[in-house]
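As stored in query_21.cif (mmCIF, C-alpha atoms):
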data_model
#
loop_
_atom_site.label_atom_id
_atom_site.label_comp_id
_atom_site.auth_asym_id
_atom_site.auth_seq_id
_atom_site.Cartn_x
_atom_site.Cartn_y
_atom_site.Cartn_z
CA MET A 1 20.55 8.65 -30.54
CA PRO A 2 19.90 7.26 -27.02
CA SER A 3 20.95 3.66 -26.42
CA PRO A 4 18.25 0.97 -26.12
CA TYR A 5 19.18 0.52 -22.45
CA LEU A 6 18.70 4.24 -21.75
CA ILE A 7 15.29 4.22 -23.45
CA PHE A 8 14.26 1.22 -21.35
CA LEU A 9 15.55 2.86 -18.16
CA LEU A 10 13.69 6.11 -18.81
CA LEU A 11 10.46 4.23 -19.48
CA LEU A 12 11.00 2.18 -16.34
CA LEU A 13 11.56 5.21 -14.14
CA HIS A 14 8.45 6.81 -15.57
CA GLN A 15 6.33 3.80 -14.70
CA PHE A 16 7.51 2.85 -11.20
CA THR A 17 7.99 5.30 -8.36
CA ALA A 18 7.35 3.22 -5.23
CA VAL A 19 7.95 -0.18 -3.75
CA SER A 20 4.88 -2.24 -2.96
CA SER A 21 3.70 -2.31 0.64
CA ILE A 22 2.14 -5.47 2.01
CA GLY A 23 1.06 -6.71 5.42
CA VAL A 24 0.45 -10.14 6.89
CA ASN A 25 -1.63 -11.62 9.70
CA TYR A 26 0.53 -13.35 12.31
CA GLY A 27 -1.69 -15.96 13.95
CA THR A 28 -0.37 -18.20 16.70
CA ILE A 29 -2.86 -21.08 17.09
CA ALA A 30 -0.09 -23.64 16.82
CA ASN A 31 2.44 -25.49 18.99
CA ASN A 32 5.35 -25.50 16.56
CA LEU A 33 5.99 -21.83 15.75
CA PRO A 34 9.37 -20.14 16.24
CA PRO A 35 9.85 -17.51 19.00
CA PRO A 36 8.35 -14.06 18.25
CA ALA A 37 11.71 -12.28 18.16
CA GLN A 38 12.95 -14.76 15.56
CA VAL A 39 9.77 -14.26 13.52
CA ALA A 40 10.19 -10.48 13.62
CA GLN A 41 13.82 -10.73 12.51
CA PHE A 42 12.89 -13.07 9.67
CA ILE A 43 10.21 -10.70 8.41
CA LYS A 44 12.58 -7.73 8.63
CA ASP A 45 15.63 -9.37 7.05
CA LYS A 46 14.17 -11.81 4.56
CA THR A 47 10.84 -10.39 3.28
CA ILE A 48 9.30 -7.22 1.90
CA ILE A 49 6.49 -7.41 4.48
CA ASP A 50 6.39 -4.00 6.17
CA ARG A 51 3.38 -4.37 8.49
CA VAL A 52 2.03 -7.13 10.68
CA LYS A 53 -1.34 -7.69 12.34
CA ILE A 54 -1.74 -9.84 15.46
CA PHE A 55 -4.91 -11.10 17.11
CA ASP A 56 -4.12 -10.27 20.74
CA MET A 57 -1.92 -8.14 22.99
CA ASN A 58 0.84 -10.73 23.47
CA PRO A 59 3.69 -8.75 25.08
CA ASP A 60 6.35 -11.14 23.76
CA ILE A 61 5.23 -10.51 20.19
CA ILE A 62 4.90 -6.76 20.69
CA ARG A 63 8.36 -6.65 22.29
CA GLY A 64 9.77 -8.87 19.52
CA PHE A 65 8.99 -6.24 16.89
CA ALA A 66 10.79 -3.47 18.78
CA ASN A 67 13.34 -1.55 16.69
CA THR A 68 12.49 -3.47 13.51
CA GLY A 69 10.67 -0.58 11.81
CA ILE A 70 7.79 -2.93 11.01
CA LEU A 71 4.33 -1.47 11.64
CA LEU A 72 2.30 -3.52 14.11
CA SER A 73 -1.48 -3.70 14.51
CA VAL A 74 -2.54 -5.12 17.88
CA THR A 75 -5.96 -6.45 18.90
CA VAL A 76 -8.08 -5.94 22.01
CA PRO A 77 -9.77 -9.29 22.81
CA ASN A 78 -13.52 -9.30 22.17
CA GLY A 79 -14.13 -10.08 25.83
CA ASP A 80 -12.48 -6.83 26.95
CA ILE A 81 -14.59 -4.51 24.79
CA ALA A 82 -17.40 -3.76 27.25
CA ALA A 83 -15.01 -2.80 30.06
CA LEU A 84 -12.98 -0.51 27.79
CA ALA A 85 -16.04 1.58 26.93
CA ASN A 86 -15.31 3.21 30.29
CA ARG A 87 -12.94 6.17 29.83
CA ARG A 88 -10.91 5.55 32.97
CA ALA A 89 -10.52 1.87 32.11
CA ALA A 90 -9.41 2.83 28.60
CA ARG A 91 -6.78 5.22 30.00
CA ARG A 92 -5.43 2.53 32.33
CA TRP A 93 -5.37 0.07 29.44
CA VAL A 94 -3.31 2.42 27.24
CA THR A 95 -0.91 3.07 30.12
CA SER A 96 -0.39 -0.67 30.73
CA ASN A 97 -0.55 -2.07 27.18
CA ILE A 98 0.70 0.60 24.77
CA LYS A 99 2.99 3.07 26.54
CA PRO A 100 5.57 0.47 27.69
CA PHE A 101 6.21 -0.63 24.08
CA TYR A 102 5.71 2.50 21.98
CA PRO A 103 7.51 3.96 20.03
CA GLN A 104 10.22 1.27 20.09
CA THR A 105 7.56 -0.99 18.60
CA LYS A 106 5.81 0.94 15.83
CA ILE A 107 2.22 0.25 16.83
CA ASN A 108 0.08 1.97 14.22
CA HIS A 109 -3.37 0.40 14.74
CA ILE A 110 -5.30 -0.74 17.77
CA LEU A 111 -8.03 -3.12 16.63
CA VAL A 112 -10.94 -3.20 19.04
CA GLY A 113 -12.02 -6.82 18.81
CA ASN A 114 -12.12 -9.02 15.75
CA GLU A 115 -15.25 -9.47 13.59
CA VAL A 116 -17.34 -8.41 16.57
CA LEU A 117 -20.60 -8.05 14.63
CA HIS A 118 -20.13 -11.61 13.38
CA TRP A 119 -19.04 -13.38 16.57
CA GLY A 120 -19.76 -11.03 19.47
CA ASP A 121 -22.72 -11.00 21.83
CA GLN A 122 -25.06 -8.03 22.12
CA ASN A 123 -23.09 -6.51 25.01
CA MET A 124 -19.91 -6.49 22.92
CA ILE A 125 -21.73 -5.03 19.91
CA THR A 126 -23.42 -2.30 21.94
CA ASN A 127 -20.13 -1.22 23.51
CA LEU A 128 -17.97 -1.49 20.38
CA VAL A 129 -18.12 2.12 19.17
CA PRO A 130 -17.99 3.58 22.71
CA ALA A 131 -14.85 1.49 23.38
CA MET A 132 -13.27 2.68 20.14
CA ARG A 133 -13.94 6.28 21.12
CA ALA A 134 -12.68 5.77 24.66
CA ILE A 135 -9.42 4.17 23.51
CA HIS A 136 -8.90 6.88 20.89
CA ASN A 137 -9.37 9.60 23.51
CA ALA A 138 -7.05 7.76 25.89
CA LEU A 139 -4.35 7.61 23.22
CA LYS A 140 -4.63 11.34 22.60
CA ARG A 141 -4.48 12.07 26.32
CA ALA A 142 -1.36 9.89 26.58
CA GLY A 143 0.31 11.83 23.76
CA VAL A 144 0.19 8.98 21.23
CA GLY A 145 -2.85 10.04 19.24
CA GLU A 146 -1.12 9.14 15.97
CA ILE A 147 -2.02 5.49 16.67
CA LYS A 148 -5.29 4.82 14.87
CA VAL A 149 -8.24 2.84 16.26
CA THR A 150 -10.40 0.57 14.14
CA THR A 151 -12.04 -2.88 14.16
CA PRO A 152 -12.08 -5.57 11.43
CA HIS A 153 -15.38 -6.78 9.97
CA SER A 154 -16.34 -9.94 8.15
CA LEU A 155 -18.65 -9.30 5.21
CA ILE A 156 -21.61 -10.52 7.22
CA ILE A 157 -22.13 -6.77 7.69
CA LEU A 158 -23.50 -6.67 4.12
CA GLU A 159 -27.14 -7.42 3.41
CA ARG A 160 -26.15 -8.13 -0.20
CA SER A 161 -23.07 -7.56 -2.32
CA ASN A 162 -23.79 -8.63 -5.91
CA PRO A 163 -24.01 -6.52 -7.96
CA PRO A 164 -22.13 -3.84 -6.00
CA SER A 165 -24.62 -1.12 -7.00
CA SER A 166 -27.29 -2.94 -4.95
CA ALA A 167 -25.09 -3.48 -1.91
CA GLN A 168 -26.02 -2.17 1.49
CA PHE A 169 -25.25 -2.83 5.14
CA ARG A 170 -27.57 -5.06 7.17
CA THR A 171 -30.69 -3.33 8.39
CA GLY A 172 -30.35 -2.46 12.05
CA TRP A 173 -26.58 -2.48 12.07
CA ASP A 174 -26.46 0.20 9.37
CA GLN A 175 -27.92 3.08 11.41
CA ASN A 176 -27.34 1.83 14.95
CA ILE A 177 -23.74 0.60 14.72
CA LEU A 178 -22.06 1.29 11.39
CA ALA A 179 -23.12 4.89 10.82
CA PRO A 180 -21.77 6.01 14.25
CA MET A 181 -18.63 3.94 13.62
CA LEU A 182 -18.05 5.52 10.20
CA LEU A 183 -18.53 8.96 11.75
CA PHE A 184 -15.83 8.05 14.27
CA HIS A 185 -13.52 6.95 11.43
CA ARG A 186 -14.13 10.20 9.58
CA GLN A 187 -13.44 12.29 12.66
CA SER A 188 -10.34 10.33 13.70
CA LYS A 189 -9.04 9.77 10.15
CA SER A 190 -8.82 6.03 10.77
CA PRO A 191 -9.64 3.26 8.27
CA PHE A 192 -12.78 1.15 8.06
CA MET A 193 -11.32 -2.37 8.05
CA VAL A 194 -12.96 -5.31 6.26
CA ASN A 195 -12.04 -8.93 5.52
CA PRO A 196 -13.11 -9.52 1.88
CA TYR A 197 -12.30 -13.19 1.24
CA PRO A 198 -13.04 -14.29 -2.35
CA TYR A 199 -12.37 -17.81 -1.06
CA PHE A 200 -15.62 -17.89 0.89
CA SER A 201 -17.54 -16.97 -2.28
CA TRP A 202 -15.99 -19.72 -4.40
CA THR A 203 -18.19 -22.17 -6.31
CA PRO A 204 -17.25 -24.43 -9.24
CA GLN A 205 -19.30 -22.10 -11.44
CA ASN A 206 -17.43 -18.91 -10.49
CA ASP A 207 -13.96 -20.48 -10.20
CA ARG A 208 -12.32 -18.24 -12.81
CA PHE A 209 -13.98 -15.09 -11.47
CA THR A 210 -12.99 -15.85 -7.89
CA LEU A 211 -9.40 -16.78 -8.73
CA PHE A 212 -8.46 -13.83 -10.96
CA HIS A 213 -8.46 -15.85 -14.18
CA ARG A 214 -9.72 -14.31 -17.39
CA ASN A 215 -13.49 -14.40 -17.68
CA HIS A 216 -16.38 -12.55 -19.28
CA GLY A 217 -16.93 -10.48 -16.16
CA ILE A 218 -20.02 -9.36 -14.31
CA HIS A 219 -21.75 -6.26 -15.66
CA ASP A 220 -23.27 -3.94 -13.09
CA GLY A 221 -25.95 -2.33 -15.24
CA PRO A 222 -26.81 0.96 -13.52
CA GLY A 223 -23.22 2.23 -13.37
CA GLY A 224 -21.93 0.47 -16.44
CA LYS A 225 -19.09 -1.08 -14.42
CA VAL A 226 -17.59 -4.44 -15.33
CA TYR A 227 -16.09 -6.71 -12.67
CA THR A 228 -13.53 -9.32 -13.66
CA ASN A 229 -12.77 -10.66 -10.17
CA MET A 230 -14.56 -11.26 -6.87
CA TYR A 231 -12.09 -9.19 -4.84
CA ASP A 232 -12.95 -5.93 -6.63
CA LEU A 233 -16.64 -6.77 -6.44
CA LEU A 234 -16.53 -7.25 -2.66
CA LEU A 235 -14.54 -4.07 -2.05
CA ASP A 236 -16.91 -2.02 -4.18
CA ALA A 237 -19.89 -3.56 -2.38
CA VAL A 238 -18.41 -2.24 0.87
CA PHE A 239 -17.77 1.17 -0.72
CA THR A 240 -21.33 1.39 -2.07
CA SER A 241 -22.73 0.53 1.35
CA MET A 242 -20.62 3.26 2.95
CA TRP A 243 -21.67 5.73 0.26
CA LYS A 244 -25.34 5.00 0.90
CA LEU A 245 -24.80 5.98 4.54
CA GLY A 246 -23.02 9.18 3.49
CA PHE A 247 -19.40 8.13 4.16
CA PRO A 248 -17.66 7.62 0.79
CA ASP A 249 -14.64 9.58 2.06
CA VAL A 250 -13.64 7.10 4.79
CA GLU A 251 -10.58 5.02 3.92
CA ILE A 252 -11.02 1.25 3.48
CA ALA A 253 -8.34 -1.16 4.73
CA VAL A 254 -8.18 -4.90 4.03
CA GLY A 255 -7.65 -6.65 7.36
CA GLU A 256 -7.64 -10.23 6.07
CA VAL A 257 -7.63 -11.88 2.66
CA GLY A 258 -6.15 -15.23 1.73
CA TRP A 259 -6.58 -18.70 0.24
CA PRO A 260 -5.71 -22.11 1.73
CA SER A 261 -3.16 -24.32 0.01
CA ALA A 262 -4.71 -27.60 1.21
CA GLY A 263 -8.12 -28.84 2.33
CA ASP A 264 -10.33 -31.80 3.04
CA PRO A 265 -10.91 -34.47 0.36
CA GLY A 266 -13.22 -33.07 -2.29
CA MET A 267 -12.20 -29.42 -1.68
CA THR A 268 -10.73 -29.10 -5.16
CA GLN A 269 -10.30 -25.35 -4.82
CA THR A 270 -7.77 -25.65 -1.97
CA THR A 271 -4.52 -26.22 -3.85
CA VAL A 272 -1.05 -24.73 -3.75
CA ASP A 273 -1.49 -23.38 -7.29
CA ASN A 274 -4.77 -21.66 -6.41
CA ALA A 275 -3.38 -20.20 -3.17
CA ARG A 276 -0.30 -18.91 -4.96
CA TRP A 277 -2.24 -17.39 -7.86
CA HIS A 278 -4.83 -15.77 -5.58
CA ASN A 279 -2.30 -14.24 -3.19
CA LEU A 280 -0.02 -13.20 -6.02
CA ASN A 281 -2.91 -11.19 -7.46
CA ILE A 282 -3.70 -9.71 -4.04
CA LEU A 283 -0.06 -8.64 -3.73
CA LYS A 284 -0.12 -7.08 -7.20
CA LYS A 285 -3.39 -5.29 -6.44
CA ALA A 286 -2.00 -3.90 -3.19
CA GLY A 287 1.04 -2.41 -4.89
CA SER A 288 -0.31 -1.37 -8.27
CA GLY A 289 -2.64 1.46 -7.32
CA VAL A 290 -5.07 0.31 -10.00
CA GLY A 291 -7.90 0.26 -7.48
CA THR A 292 -11.40 -0.99 -8.31
CA PRO A 293 -14.07 0.08 -10.80
CA LEU A 294 -15.64 2.41 -8.19
CA MET A 295 -12.32 3.40 -6.57
CA PRO A 296 -9.86 3.76 -9.47
CA GLY A 297 -6.28 4.63 -8.60
CA HIS A 298 -6.77 3.61 -4.98
CA ARG A 299 -4.24 1.73 -2.84
CA PHE A 300 -5.60 -0.33 0.03
CA GLU A 301 -3.58 -1.13 3.11
CA THR A 302 -3.66 -4.93 2.88
CA PHE A 303 -2.91 -7.81 5.25
CA ILE A 304 -2.68 -11.29 3.71
CA PHE A 305 -3.90 -14.16 5.87
CA ALA A 306 -1.69 -15.69 7.07
CA LEU A 307 2.01 -15.74 7.90
CA PHE A 308 2.16 -19.38 9.03
CA ASN A 309 0.18 -22.56 8.71
CA GLU A 310 -1.36 -23.04 12.19
CA ASN A 311 -1.62 -26.69 13.18
CA LEU A 312 -4.01 -26.29 16.14
CA LYS A 313 -6.78 -24.36 14.42
CA SER A 314 -10.15 -26.05 14.57
CA GLY A 315 -12.35 -26.87 11.60
CA SER A 316 -11.37 -28.27 8.23
CA ILE A 317 -7.86 -28.96 7.01
CA ALA A 318 -8.14 -25.74 5.01
CA GLU A 319 -8.27 -23.67 8.21
CA ARG A 320 -4.80 -24.95 9.11
CA ASN A 321 -3.28 -24.21 5.70
CA PHE A 322 -3.67 -20.50 4.97
CA GLY A 323 0.02 -19.78 5.65
CA LEU A 324 2.56 -18.29 3.30
CA PHE A 325 5.25 -20.07 5.33
CA ARG A 326 5.73 -23.27 7.26
CA PRO A 327 6.95 -23.02 10.87
CA ASP A 328 10.56 -23.56 9.70
CA PHE A 329 10.24 -20.38 7.55
CA SER A 330 10.24 -22.32 4.29
CA PRO A 331 7.73 -20.87 1.80
CA VAL A 332 4.63 -22.91 1.00
CA TYR A 333 4.76 -21.24 -2.45
CA ASP A 334 6.41 -18.25 -4.08
CA ILE A 335 4.61 -14.94 -4.59
CA GLY A 336 7.75 -12.82 -4.65
CA ILE A 337 7.79 -11.48 -1.09
CA MET A 338 11.29 -12.71 -0.24
CA ARG A 339 13.84 -9.92 -0.41
CA GLY A 340 16.06 -11.74 -2.90
CA GLN A 341 13.12 -11.80 -5.32
CA VAL A 342 12.32 -8.09 -5.16
CA ASN A 343 14.38 -6.89 -8.05
CA ILE A 344 12.96 -3.53 -9.03
CA ALA A 345 12.97 -1.49 -5.83
CA LEU A 346 13.24 2.16 -6.77
CA ARG A 347 14.54 4.46 -4.10
CA GLN A 348 14.93 8.21 -3.73
CA SER A 349 18.54 9.31 -3.49
CA GLY A 350 20.15 12.65 -2.80
CA GLY A 351 19.38 15.51 -5.14
CA GLY A 352 15.98 14.15 -6.07
CA VAL A 353 17.32 11.64 -8.60
CA VAL A 354 15.44 8.34 -8.68
CA LYS A 355 17.72 5.36 -9.31
CA PRO A 356 16.86 1.71 -9.85
CA ALA A 357 18.15 -0.80 -7.34
CA PRO A 358 20.49 -3.49 -8.69
CA VAL A 359 18.67 -6.37 -10.36
CA PRO A 360 20.05 -9.67 -9.01
CA VAL A 361 19.50 -11.78 -12.10
CA THR A 362 21.97 -14.39 -13.27
CA GLY A 363 22.49 -13.75 -16.98
CA LYS A 364 20.15 -11.97 -19.34
CA GLN A 365 16.52 -13.06 -19.49
CA TRP A 366 13.61 -12.21 -21.74
CA CYS A 367 9.90 -12.97 -21.68
CA VAL A 368 8.54 -13.99 -25.08
CA PRO A 369 5.25 -15.37 -26.41
CA LYS A 370 5.05 -19.13 -26.74
CA ALA A 371 5.11 -20.33 -30.34
CA GLU A 372 1.60 -21.77 -30.04
CA ALA A 373 0.08 -18.56 -28.60
CA GLY A 374 -2.58 -17.17 -30.96
CA ASN A 375 -3.19 -13.56 -31.88
CA ALA A 376 -6.35 -13.31 -29.78
CA ALA A 377 -4.49 -14.35 -26.63
CA LEU A 378 -1.56 -12.07 -27.45
CA GLN A 379 -3.87 -9.12 -28.04
CA SER A 380 -5.38 -9.85 -24.66
CA ASN A 381 -1.86 -9.70 -23.18
CA ILE A 382 -1.32 -6.31 -24.85
CA ASP A 383 -4.59 -5.02 -23.39
CA TYR A 384 -3.69 -6.35 -19.93
CA VAL A 385 -0.25 -4.72 -19.87
CA CYS A 386 -1.52 -1.40 -21.23
CA ASN A 387 -4.28 -1.32 -18.59
CA ASN A 388 -1.90 -2.08 -15.71
CA GLY A 389 0.37 0.92 -15.60
CA ILE A 390 2.75 0.27 -18.52
CA ASN A 391 3.31 2.99 -21.12
CA CYS A 392 2.32 1.47 -24.45
CA GLY A 393 3.38 4.48 -26.52
CA PRO A 394 6.42 2.71 -28.03
CA ILE A 395 4.21 0.24 -29.93
CA ARG A 396 1.80 2.90 -31.21
CA GLU A 397 2.19 4.27 -34.73
CA GLY A 398 5.23 6.52 -34.78
CA GLY A 399 6.71 4.84 -31.72
CA PRO A 400 10.19 3.27 -31.77
CA CYS A 401 8.78 -0.28 -31.52
CA PHE A 402 5.79 0.04 -33.84
CA ASP A 403 7.52 -1.94 -36.61
CA PRO A 404 7.10 -4.73 -37.40
CA ASN A 405 3.40 -3.90 -37.07
CA THR A 406 2.14 -7.33 -35.93
CA VAL A 407 0.27 -8.44 -32.86
CA ARG A 408 3.03 -10.94 -32.01
CA SER A 409 5.80 -8.35 -32.24
CA HIS A 410 3.90 -5.80 -30.14
CA ALA A 411 2.99 -8.45 -27.57
CA ALA A 412 6.61 -9.64 -27.41
CA TYR A 413 7.83 -6.13 -26.64
CA LEU A 414 5.19 -5.42 -23.98
CA MET A 415 5.32 -8.85 -22.33
CA ASN A 416 9.09 -8.55 -22.02
CA PHE A 417 8.91 -4.95 -20.77
CA TYR A 418 6.31 -5.93 -18.16
CA TYR A 419 8.39 -8.94 -17.05
CA GLN A 420 11.56 -6.89 -16.66
CA ALA A 421 9.83 -3.91 -15.07
CA LYS A 422 8.19 -6.16 -12.49
CA GLY A 423 11.56 -7.56 -11.44
CA TYR A 424 12.24 -10.62 -13.63
CA GLN A 425 9.84 -12.73 -11.55
CA SER A 426 8.76 -15.81 -13.48
CA TYR A 427 5.07 -15.45 -12.67
CA ASN A 428 5.07 -12.07 -14.42
CA CYS A 429 5.84 -13.93 -17.66
CA ASP A 430 3.00 -16.41 -17.28
CA PHE A 431 0.27 -14.48 -19.11
CA SER A 432 -2.24 -17.31 -18.64
CA GLY A 433 0.23 -19.82 -20.03
CA THR A 434 1.11 -17.87 -23.20
CA GLY A 435 4.53 -16.56 -22.13
CA VAL A 436 7.87 -18.24 -21.49
CA VAL A 437 11.23 -17.04 -20.12
CA THR A 438 14.20 -17.50 -22.45
CA PHE A 439 17.92 -16.94 -21.94
CA SER A 440 18.53 -16.48 -25.66
CA ASP A 441 18.21 -12.94 -27.03
CA PRO A 442 15.15 -13.07 -29.33
CA SER A 443 15.90 -11.46 -32.66
CA LYS A 444 12.61 -9.58 -32.67
CA LEU A 445 13.71 -7.61 -29.60
CA ASP A 446 17.18 -6.71 -30.93
CA SER A 447 16.07 -3.24 -32.04
CA HIS A 448 14.22 -2.52 -28.80
#
Full structure transcribed into structure tokens:
Amino acid sequence: MPSPYLIFLLLLLHQFTAVSSIGVNYGTIANNLPPPAQVAQFIKDKTIIDRVKIFDMNPDIIRGFANTGILLSVTVPNGDIAALANRRAARRWVTSNIKPFYPQTKINHILVGNEVLHWGDQNMITNLVPAMRAIHNALKRAGVGEIKVTTPHSLIILERSNPPSSAQFRTGWDQNILAPMLLFHRQSKSPFMVNPYPYFSWTPQNDRFTLFHRNHGIHDGPGGKVYTNMYDLLLDAVFTSMWKLGFPDVEIAVGEVGWPSAGDPGMTQTTVDNARWHNLNILKKAGSGVGTPLMPGHRFETFIFALFNENLKSGSIAERNFGLFRPDFSPVYDIGIMRGQVNIALRQSGGGVVKPAPVPVTGKQWCVPKAEAGNAALQSNIDYVCNNGINCGPIREGGPCFDPNTVRSHAAYLMNFYYQAKGYQSYNCDFSGTGVVTFSDPSKLDSH
């Protein structure tokens, strides 16, 4: 009979076949940030971040990421858009701004402006799609056509978003700007990039929905879909709007999403705990492949905002506190993106055999239900785990962990399996406050 460890390992290998991919926005509106080369080395050596997005064409930053293997998205300033609609100007721009750095720096996206429909003047908006086409053609002519061209949008592009089935793009922009842009994305196989911030939709009334806490959900009647968080709702509102224009096949990328860890007096939503929980869920969504109700099984290229707190940003205190890190590289909070915390990193080895990476855990650890956790909460934990990629066959009738046939026993097995499979990270044993990590082998798991 196979050993319990072998059974666990086989189940684990069945469930996880890839390491999560996550990006970050590297803003520089600050006077206390470390040099770009040091930032690039920190990201490469100390984090699992594999792609970075910047808001300009700063040559020091672009050069700093050379030979790191990190994917870099660079941004054409909004003020340069009109000039780059000219084909010759676009070719000169590629020659001066891309060719000197590529491929040593793995530039994978050129972003033409930032939230142009939101902040740009009419001249910028009119020339946006022509500039995207001109730069794309210039890249192909220069022999670097694998670099994709896109532009990030705030959700001001939506006329309405809730419920997602009623969503549509703003009248005027839909046919005149967004339909030609989506056609360009289809033809060039580049992503349509949006910035779906649940933070900007927060109210005291929708706090749990916006922050990924358990809630009754929003039912979208016509399609029978149920939304349990604002992030999925916003992404599906974008998808529905694209579908109504005839472009459901175009890939969606998430250019910015984040939550501030501090804010002005009275901004009760801007806390370290809320920022951590929000961005933790964004990270899990990016890597899980669960997708959304209208896009099940879909993985979105995702860039969290932001890498650093930026002390010179204007506006409220919140605007200066979106960072995952302080300027000295110390984390503002832990969402598991430091390399020492990534414990289950499966890799493909020779001969096609998938092996688990070593798990750097001091001593044995288990995740168990708290003594005060009731059956209703534990059943909810079972449902959550089973709906998030874990094989629940072992607790079904006839399975090796069916007995004892109690909610608590089944929840204990699945909570612990989820915790271990996700890399022994403490937040994966939280389960809305019903789980706890123990260093004592719980007797109920001895046979599992």
Residues near A:Asn31, cut-off 9 Å, all atoms listed in the file, skip fewer than 3 positions along chain, as a list in words: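 So, after excluding close chain neighbours, the residues are Thr28, Glu310, Asn311 and Leu312 of chain A.
Neighbouring residues of stretch 84-90 of chain A at 10 Å or closer, counting all atoms listed in the file and skipping chain neighbours under 2 positions away, are Val76, Gly79, Asp80, Ile81, Ala82, Arg92, Trp93, Val94, Thr95, Ser96, Val112, Met124, Thr126, Asn127, Leu128, Val129, Pro130, Ala131, Met132, Arg133, Ala134, Ile135, His136, Asn137, Ala138 and Leu139 of chain A.
For the set A:Phe439, A:Phe305, A:Trp173, A:Tyr419, the residue with the smallest atom-to-atom gap to A:Ile54 is A:Phe305, counting only C-alpha atoms.
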Matched chain/residue IDs from the PyMOL selection byres ((chain A and resi 106) around 9), as a PyMOL selection string: chain A and resi 65-73+101-105+107-108
Write out as a ChimeraX atom specification which residues come within 12 Å of A:Val238 when counting only C-alpha atoms, dropping same-chain ones fewer than 6 positions away. /A:153-170,174,178,192-196,231-232,244-245,247-248,250-254,292,294-295
So how many Å separate atom CA of A:Ile317 and atom CA of A:Asn58, to one decimal? 26.1 Å
Any chance you could resolve the PyMOL selection byres ((chain A and resi 39) around 12) against this file and give the residues as a count of residues only? 34
Completion step: stretch 300-314 of chain A with N, CA and C atoms as an mmCIF file, in the frame of the given file:
data_model
loop_
_atom_site.group_PDB
_atom_site.id
_atom_site.type_symbol
_atom_site.label_atom_id
_atom_site.label_comp_id
_atom_site.auth_asym_id
_atom_site.auth_seq_id
_atom_site.Cartn_x
_atom_site.Cartn_y
_atom_site.Cartn_z
ATOM 1 N N PHE A 300 -5.024 0.116 -1.229
ATOM 2 C CA PHE A 300 -5.600 -0.330 0.030
ATOM 3 C C PHE A 300 -4.520 -0.931 0.920
ATOM 4 N N GLU A 301 -4.434 -0.447 2.142
ATOM 5 C CA GLU A 301 -3.580 -1.130 3.110
ATOM 6 C C GLU A 301 -4.111 -2.558 3.226
ATOM 7 N N THR A 302 -3.220 -3.547 3.045
ATOM 8 C CA THR A 302 -3.660 -4.930 2.880
ATOM 9 C C THR A 302 -2.839 -5.868 3.745
ATOM 10 N N PHE A 303 -3.547 -6.787 4.436
ATOM 11 C CA PHE A 303 -2.910 -7.810 5.250
ATOM 12 C C PHE A 303 -3.331 -9.189 4.741
ATOM 13 N N ILE A 304 -2.384 -9.933 4.172
ATOM 14 C CA ILE A 304 -2.680 -11.290 3.710
ATOM 15 C C ILE A 304 -2.809 -12.207 4.924
ATOM 16 N N PHE A 305 -3.753 -13.134 4.851
ATOM 17 C CA PHE A 305 -3.900 -14.160 5.870
ATOM 18 C C PHE A 305 -3.408 -15.473 5.278
ATOM 19 N N ALA A 306 -2.332 -16.031 5.830
ATOM 20 C CA ALA A 306 -1.690 -15.690 7.070
ATOM 21 C C ALA A 306 -0.186 -15.901 6.905
ATOM 22 N N LEU A 307 0.565 -15.546 7.940
ATOM 23 C CA LEU A 307 2.010 -15.740 7.900
ATOM 24 C C LEU A 307 2.372 -17.219 7.913
ATOM 25 N N PHE A 308 1.823 -17.970 8.870
ATOM 26 C CA PHE A 308 2.160 -19.380 9.030
ATOM 27 C C PHE A 308 0.940 -20.280 8.900
ATOM 28 N N ASN A 309 1.157 -21.513 8.486
ATOM 29 C CA ASN A 309 0.180 -22.560 8.710
ATOM 30 C C ASN A 309 0.080 -22.791 10.230
ATOM 31 N N GLU A 310 -1.149 -22.910 10.739
ATOM 32 C CA GLU A 310 -1.360 -23.040 12.190
ATOM 33 C C GLU A 310 -1.988 -24.397 12.480
ATOM 34 N N ASN A 311 -1.218 -25.291 13.097
ATOM 35 C CA ASN A 311 -1.620 -26.690 13.180
ATOM 36 C C ASN A 311 -2.661 -27.001 14.242
ATOM 37 N N LEU A 312 -3.006 -26.028 15.099
ATOM 38 C CA LEU A 312 -4.010 -26.290 16.140
ATOM 39 C C LEU A 312 -5.341 -25.600 15.874
ATOM 40 N N LYS A 313 -5.502 -24.998 14.717
ATOM 41 C CA LYS A 313 -6.780 -24.360 14.420
ATOM 42 C C LYS A 313 -7.861 -25.425 14.232
ATOM 43 N N SER A 314 -9.039 -25.118 14.705
ATOM 44 C CA SER A 314 -10.150 -26.050 14.570
ATOM 45 C C SER A 314 -10.763 -25.959 13.185
#
